[in-house]
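*Asks:* You'll find final-v2.txt just under this line, and it carries compact mmCIF, C-alpha atoms.
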# COMPACT_ATOMS: atom_id res chain seq x y z
CA MET A 233 -8.82 14.13 4.65
CA GLU A 234 -5.30 14.30 6.02
CA HIS A 235 -5.00 10.54 5.57
CA ASP A 236 -6.01 10.86 1.90
CA PHE A 237 -2.93 13.03 1.39
CA TYR A 238 -0.60 10.29 2.70
CA ILE A 239 -2.40 7.56 0.72
CA GLY A 240 -2.36 9.63 -2.50
CA LEU A 241 1.29 10.54 -2.07
CA SER A 242 2.26 6.89 -1.40
CA TYR A 243 0.51 5.59 -4.51
CA GLY A 244 1.71 8.58 -6.56
CA VAL A 245 5.37 8.17 -5.58
CA THR A 246 5.18 4.41 -6.21
CA GLY A 247 3.65 5.04 -9.65
CA VAL A 248 6.33 7.59 -10.53
CA ILE A 249 9.21 5.30 -9.45
CA LEU A 250 7.79 2.30 -11.34
CA CYS A 251 7.12 4.43 -14.46
CA LEU A 252 10.68 5.83 -14.38
CA LEU A 253 12.07 2.31 -13.98
CA THR A 254 9.94 1.04 -16.88
CA ALA A 255 10.83 4.03 -19.10
CA ASN A 256 14.55 3.59 -18.36
CA THR A 257 14.34 -0.14 -19.14
CA LEU A 258 12.37 0.30 -22.39
CA ARG A 259 14.58 3.20 -23.61
CA ALA A 260 17.77 1.16 -23.08
CA PHE A 261 16.22 -1.97 -24.64
CA PHE A 262 15.04 -0.24 -27.84
CA SER A 263 18.21 1.84 -28.14
CA PHE A 264 20.53 -1.20 -27.99
CA ARG A 265 18.23 -3.31 -30.16
CA LYS A 266 18.42 -0.58 -32.83
CA GLN A 267 22.23 -0.55 -32.57
CA ILE A 268 22.29 -4.34 -32.96
CA ASP A 269 20.00 -4.09 -36.02
CA ASP A 270 22.14 -1.33 -37.55
CA GLU A 271 25.45 -3.13 -37.00
CA PHE A 272 24.45 -6.70 -37.85
CA LYS A 273 21.94 -6.12 -40.65
CA PRO A 274 24.43 -5.14 -43.39
CA GLU A 275 26.38 -8.33 -42.61
CA ASP A 276 23.26 -10.50 -42.62
CA SER A 277 22.07 -9.11 -45.95
CA ALA A 278 25.57 -9.55 -47.44
CA ASN A 279 25.66 -13.20 -46.29
CA SER A 280 22.23 -14.01 -47.69
CA PRO A 281 22.24 -15.34 -51.29
CA MET B 303 17.85 -24.68 -16.50
CA LEU B 304 21.42 -25.03 -17.78
CA THR B 305 20.04 -25.08 -21.34
CA TYR B 306 19.31 -21.37 -20.95
CA ALA B 307 22.91 -20.65 -19.89
CA ASN B 308 23.46 -20.17 -23.60
CA PRO B 309 22.69 -16.47 -24.31
CA ASN B 310 21.09 -17.27 -27.69
CA ARG B 311 18.72 -19.83 -26.17
CA PHE B 312 17.95 -17.43 -23.33
CA MET B 313 17.15 -14.66 -25.85
CA GLN B 314 14.70 -16.97 -27.67
CA LEU B 315 12.94 -17.80 -24.38
CA ALA B 316 12.96 -14.16 -23.22
CA ARG B 317 11.42 -12.96 -26.50
CA ARG B 318 8.56 -15.43 -26.07
CA LEU B 319 8.00 -14.63 -22.37
CA THR B 320 8.38 -10.83 -22.22
CA PHE B 321 4.96 -9.70 -23.47
CA PRO B 322 2.85 -12.38 -21.68
CA VAL B 323 4.62 -11.54 -18.39
CA TRP B 324 4.02 -7.80 -18.96
CA GLY B 325 0.34 -8.49 -19.64
CA LEU B 326 -0.07 -10.68 -16.56
CA SER B 327 1.70 -8.16 -14.36
CA LEU B 328 -0.48 -5.25 -15.53
CA ALA B 329 -3.62 -7.40 -15.07
CA CYS B 330 -2.56 -8.41 -11.53
CA LEU B 331 -1.68 -4.83 -10.57
CA SER B 332 -5.03 -3.53 -11.92
CA ILE B 333 -7.01 -6.19 -10.01
CA GLY B 334 -4.84 -5.63 -6.91
CA LEU B 335 -5.43 -1.85 -7.01
CA TYR B 336 -9.18 -2.39 -7.41
CA MET B 337 -9.19 -4.79 -4.43
CA ALA B 338 -6.99 -2.43 -2.39
CA PHE B 339 -9.36 0.49 -2.88
CA SER B 340 -12.41 -1.71 -2.18
CA ALA B 341 -11.01 -2.98 1.15
CA PRO B 342 -12.84 -1.72 4.23
CA ALA B 343 -11.31 0.87 6.56
CA ASP B 344 -9.33 -0.55 9.48
CA TYR B 345 -10.84 0.04 12.93
CA GLN B 346 -7.60 1.66 14.16
CA GLN B 347 -5.85 3.02 11.07
CA GLY B 348 -8.86 3.97 8.98
CA MET B 349 -8.15 4.30 5.26
CA THR B 350 -4.41 4.70 5.85
CA VAL B 351 -4.24 0.88 5.90
CA ARG B 352 -4.27 1.11 2.07
CA ILE B 353 -0.61 2.15 2.13
CA MET B 354 0.10 -1.41 3.32
CA PHE B 355 -0.90 -2.81 -0.12
CA ILE B 356 2.14 -1.18 -1.73
CA HIS B 357 4.53 -0.87 1.21
CA VAL B 358 4.53 -4.55 2.22
CA PRO B 359 4.82 -6.08 -1.32
CA ALA B 360 7.61 -3.58 -2.13
CA ALA B 361 9.44 -4.59 1.07
CA TRP B 362 9.10 -8.30 0.18
CA MET B 363 10.40 -7.55 -3.32
CA SER B 364 13.41 -5.62 -2.00
CA LEU B 365 14.48 -8.74 -0.06
CA PHE B 366 13.54 -11.19 -2.83
CA VAL B 367 15.46 -9.24 -5.50
CA TYR B 368 18.54 -8.98 -3.27
CA THR B 369 18.44 -12.76 -2.65
CA PHE B 370 18.04 -13.33 -6.41
CA LEU B 371 20.97 -10.96 -7.05
CA THR B 372 23.17 -12.83 -4.54
CA VAL B 373 22.32 -16.28 -5.96
CA SER B 374 23.03 -15.01 -9.51
CA SER B 375 26.33 -13.51 -8.30
CA ILE B 376 27.33 -16.86 -6.75
CA PHE B 377 26.54 -18.59 -10.07
CA GLY B 378 28.68 -16.00 -11.87
CA LEU B 379 31.59 -15.94 -9.42
CA VAL B 380 31.83 -19.54 -8.22
CA PHE B 381 30.33 -21.60 -11.08
CA ARG B 382 31.35 -19.15 -13.86
CA HIS B 383 27.83 -19.30 -15.26
CA PRO B 384 27.92 -17.11 -18.40
CA LEU B 385 24.71 -15.29 -17.50
CA GLY B 386 25.28 -15.08 -13.71
CA HIS B 387 26.71 -11.56 -13.54
CA VAL B 388 24.34 -10.34 -16.27
CA ALA B 389 21.32 -11.64 -14.30
CA ALA B 390 22.56 -9.98 -11.10
CA LYS B 391 23.31 -6.66 -12.78
CA SER B 392 19.91 -6.64 -14.52
CA ALA B 393 18.11 -7.12 -11.19
CA ALA B 394 20.00 -4.48 -9.18
CA LEU B 395 18.28 -1.26 -10.32
CA ILE B 396 14.84 -2.87 -10.01
CA GLY B 397 15.68 -3.98 -6.46
CA ALA B 398 16.90 -0.48 -5.60
CA GLY B 399 13.61 0.92 -6.97
CA PHE B 400 11.51 -1.41 -4.78
CA THR B 401 13.65 -0.57 -1.73
CA LEU B 402 13.18 3.16 -2.37
CA ILE B 403 9.39 2.60 -2.62
CA THR B 404 9.55 0.71 0.71
CA LEU B 405 11.41 3.56 2.41
CA ILE B 406 9.20 6.36 1.05
CA THR B 407 5.84 4.62 1.60
CA GLY B 408 7.06 3.53 5.06
CA ALA B 409 7.75 7.17 5.98
CA LEU B 410 4.38 8.23 4.55
CA TRP B 411 2.64 5.51 6.59
CA GLY B 412 4.71 6.24 9.71
CA LYS B 413 3.83 9.94 9.89
CA PRO B 414 0.05 9.51 10.45
CA MET B 415 0.42 6.27 12.50
CA TRP B 416 3.52 6.87 14.65
CA GLY B 417 3.62 10.66 14.46
CA THR B 418 7.06 10.65 12.84
CA TRP B 419 8.49 10.15 9.35
CA TRP B 420 11.54 8.24 10.53
CA VAL B 421 13.11 6.58 13.59
CA TRP B 422 16.51 4.94 13.74
CA ASP B 423 15.12 1.58 14.81
CA ALA B 424 16.56 -1.74 13.62
CA ARG B 425 14.05 -2.49 10.83
CA LEU B 426 14.10 0.96 9.23
CA THR B 427 17.87 1.34 9.52
CA SER B 428 18.61 -2.12 8.08
CA VAL B 429 16.33 -1.39 5.07
CA LEU B 430 18.20 1.90 4.54
CA VAL B 431 21.49 -0.08 4.66
CA LEU B 432 20.00 -2.48 2.06
CA PHE B 433 19.27 0.51 -0.20
CA PHE B 434 22.87 1.73 0.16
CA ILE B 435 24.19 -1.77 -0.67
CA TYR B 436 22.11 -1.72 -3.88
CA LEU B 437 23.55 1.72 -4.73
CA GLY B 438 27.09 0.50 -3.99
CA TYR B 439 26.55 -2.53 -6.23
CA LEU B 440 25.33 -0.30 -9.09
CA ALA B 441 28.21 2.14 -8.49
CA ILE B 442 30.75 -0.68 -8.99
CA TRP B 443 29.27 -1.53 -12.41
CA THR B 444 29.41 2.17 -13.35
CA ALA B 445 32.95 2.71 -12.07
CA ILE B 446 34.70 -0.38 -13.51
CA GLU B 447 34.81 -0.52 -17.29
CA ASP B 448 35.86 -4.15 -17.73
CA PRO B 449 32.68 -6.30 -17.30
CA LEU B 450 34.63 -9.34 -16.05
CA GLN B 451 36.33 -7.37 -13.27
CA ALA B 452 33.14 -5.44 -12.45
CA GLY B 453 31.27 -8.76 -12.23
CA ARG B 454 33.83 -10.20 -9.80
CA VAL B 455 34.03 -7.13 -7.53
CA SER B 456 30.26 -6.55 -7.47
CA SER B 457 29.63 -10.24 -6.71
CA VAL B 458 31.88 -10.05 -3.65
CA LEU B 459 29.92 -7.01 -2.43
CA ALA B 460 26.60 -8.77 -3.14
CA ILE B 461 27.62 -11.92 -1.23
CA VAL B 462 29.04 -9.97 1.75
CA GLY B 463 26.01 -7.65 1.74
CA PHE B 464 23.64 -10.63 1.94
CA VAL B 465 24.33 -10.73 5.69
CA ASN B 466 21.96 -7.75 5.91
CA VAL B 467 18.97 -9.72 4.52
CA PRO B 468 18.31 -11.87 7.65
CA ILE B 469 18.96 -8.74 9.75
CA VAL B 470 16.16 -6.93 7.87
CA LYS B 471 13.82 -9.94 8.16
CA PHE B 472 14.38 -10.77 11.83
CA SER B 473 15.19 -7.28 13.19
CA VAL B 474 11.64 -6.97 14.53
CA ASP B 475 12.09 -10.21 16.52
CA TRP B 476 15.67 -9.64 17.69
CA TRP B 477 15.27 -6.04 18.91
CA ASN B 478 12.54 -3.86 20.35
CA THR B 479 11.40 -1.81 17.38
CA LEU B 480 8.64 0.68 16.64
CA HIS B 481 7.95 -1.35 13.49
CA GLN B 482 5.37 -4.11 13.98
CA PRO B 483 6.42 -7.80 13.76
CA ALA B 484 5.56 -10.06 10.78
CA SER B 485 1.81 -10.43 10.13
CA VAL B 486 1.65 -12.60 7.00
CA SER B 487 4.78 -14.82 6.94
CA ARG B 488 4.19 -16.41 10.34
CA LEU B 489 4.55 -20.08 11.17
CA ASP B 490 1.01 -20.37 12.60
CA ALA B 491 -1.48 -18.33 10.55
CA PRO B 492 -1.49 -14.84 9.04
CA ALA B 493 -2.67 -12.19 11.49
CA LEU B 494 -4.46 -10.37 8.68
CA HIS B 495 -8.16 -10.61 7.87
CA SER B 496 -8.89 -12.00 4.39
CA ASP B 497 -10.28 -8.55 3.36
CA TYR B 498 -6.69 -7.28 3.60
CA LEU B 499 -4.77 -10.48 2.90
CA TRP B 500 -6.10 -11.08 -0.64
CA PRO B 501 -5.44 -7.58 -2.04
CA LEU B 502 -1.98 -7.77 -0.45
CA LEU B 503 -1.21 -11.13 -2.09
CA VAL B 504 -2.52 -10.02 -5.51
CA MET B 505 -0.43 -6.83 -5.36
CA ALA B 506 2.59 -8.92 -4.31
CA LEU B 507 2.06 -11.19 -7.33
CA GLY B 508 1.73 -8.11 -9.56
CA PHE B 509 5.03 -6.69 -8.23
CA GLN B 510 6.70 -10.08 -8.68
CA LEU B 511 5.55 -10.34 -12.31
CA LEU B 512 6.54 -6.71 -12.94
CA PHE B 513 10.02 -7.55 -11.65
CA PHE B 514 10.32 -10.50 -14.06
CA ALA B 515 8.98 -8.40 -16.97
CA LEU B 516 11.53 -5.64 -16.32
CA TRP B 517 14.32 -8.15 -15.61
CA LEU B 518 13.71 -10.00 -18.91
CA LEU B 519 14.01 -6.74 -20.85
CA ARG B 520 17.13 -5.66 -18.91
CA MET B 521 18.73 -9.09 -19.47
CA GLN B 522 18.16 -8.79 -23.21
CA THR B 523 19.62 -5.26 -23.14
CA GLU B 524 22.74 -6.49 -21.32
CA ILE B 525 23.20 -9.32 -23.86
CA PHE B 526 22.85 -6.76 -26.71
CA LYS B 527 25.52 -4.63 -24.98
CA GLN B 528 27.89 -7.59 -24.70
CA LYS B 529 27.37 -8.52 -28.37
CA LEU B 530 28.14 -4.94 -29.44
CA ARG B 531 31.18 -4.76 -27.17
CA VAL B 532 32.63 -8.01 -28.53
CA ARG B 533 31.98 -6.91 -32.11
CA ARG B 534 33.54 -3.46 -31.62
CA LEU B 535 36.61 -4.94 -29.89
CA GLY B 536 36.93 -7.36 -32.82
CA LEU B 537 36.72 -4.50 -35.31
CA VAL B 538 39.38 -2.48 -33.42
CA GLU B 539 41.71 -5.51 -33.34
CA THR B 540 41.14 -6.15 -37.05
CA SER B 541 41.87 -2.51 -37.93
CA ASN B 542 45.00 -2.53 -35.70
CA GLY B 543 46.19 -5.72 -37.42
CA THR B 544 45.60 -4.19 -40.85
CA ALA B 545 47.44 -0.98 -39.85
CA SER B 546 50.51 -2.85 -38.58
Will you turn the file into structure tokens for me?

*Replies:*
Amino acid sequence: MEHDFYIGLSYGVTGVILCLLTANTLRAFFSFRKQIDDEFKPEDSANSP
Amino acid sequence: MLTYANPNRFMQLARRLTFPVWGLSLACLSIGLYMAFSAPADYQQGMTVRIMFIHVPAAWMSLFVYTFLTVSSIFGLVFRHPLGHVAAKSAALIGAGFTLITLITGALWGKPMWGTWWVWDARLTSVLVLFFIYLGYLAIWTAIEDPLQAGRVSSVLAIVGFVNVPIVKFSVDWWNTLHQPASVSRLDAPALHSDYLWPLLVMALGFQLLFFALWLLRMQTEIFKQKLRVRRLGLVETSNGTAS
């Protein structure tokens, strides 16, 4: 029973760290991709015939 | 390899690879977790042996990512590879995350097995030093605004800090430590039964693929940042030129 606590906490902490890392990565990726789209799209549409 | 030194070509490749690598990594981690929780109890450690399936792959990843970071830094600093510093910077936070997992799961495994959360032995201390080197590397990128200068300074730290990697790996052979010696990466044969070895290897592959999935996204983010920075600097210069 006591061992279950250590196993659960190990897997739980690992899950939380990996989820935070993934969330941080995805948030930054989509945020900068949106900025790129916003800044470069007007130019692209102006250049297109 | 050098073909992908061009950021545009790299972006094309990264776009194609990102989702398959994510899928493979999630599949490997799901299978690995199933195998880990189906493994039999160890005759000495009981079910606590299951902590090994995350602690050991995370420890391998912390060393692998640091080696990757150092090689990328050398490419950036010595060979002036355009993506060298970007590749190193993109790997750093992921490496720090794996090292933190190693430290926390190690403490949680140590308490029931050794009777203590922490001892200042060579293996544990050198992994803690590795974590601080990762933090120092990230701090340099946060503190220095100019990416070229930040890349140079952080690369020097990464290359100097690499001396800690063999210390982490061989600390259990060079000094008397509470931590056990290597069980899998031995020259003869792994000291682990296949019931434990296979889940460990599948979890390690899952962590490896997760690293590449996260790294590909972070690389693309860094390239977006550079594009925006160049464009905004260009706009400021144009507006300054118009004003004068």

*Asks:* Taking all atoms listed in the file into account, name the residue in B:Leu335, B:Ala445, B:Val467, B:Ile406 that is nearest to B:Leu432.

*Replies:*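 Nearest to B:Leu432: B:Val467.
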
*Asks:* Return as a list in words the residues belonging to chain B that are within 8 Å of chain A, counting only C-alpha atoms.

*Replies:* Met349, Thr350, Arg352, Ile353, Ile356, Ile396, Gly399, Ile403, Ile406, Thr407, Leu410, Trp411, Pro414, Leu516, Leu519, Arg520, Gln522, Thr523, Phe526, Lys527 and Leu530 of chain B

*Asks:* Enter the distance from atom CA of B:Ala316 to atom CA of B:Phe509, in Å, rounded to one decimal.

*Replies:* 18.5 Å

*Asks:* If you measure from atom CA of B:Met521 to atom CA of B:Val388, what distance in Å do you get, rounded to one decimal?

*Replies:*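 Result for atom CA of B:Met521 versus atom CA of B:Val388: 6.6 Å, one decimal.
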
*Asks:* For the atom pair atom CA of B:Lys413 and atom CA of B:His481, what is the interatomic distance in Å to one decimal place?

*Replies:*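 These atoms are spaced 12.5 Å apart.
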
*Asks:* Starting from 8 Å padding per side, set up an axis-aligned box that covers all listed atoms of stretch 234-253 of chain A and hand over centre and edge lengths in Å, one decimal, as AutoDock Vina command-line options.

*Replies:*
--center_x 3.0 --center_y 8.3 --center_z -4.2 --size_x 34.1 --size_y 28.0 --size_z 36.5
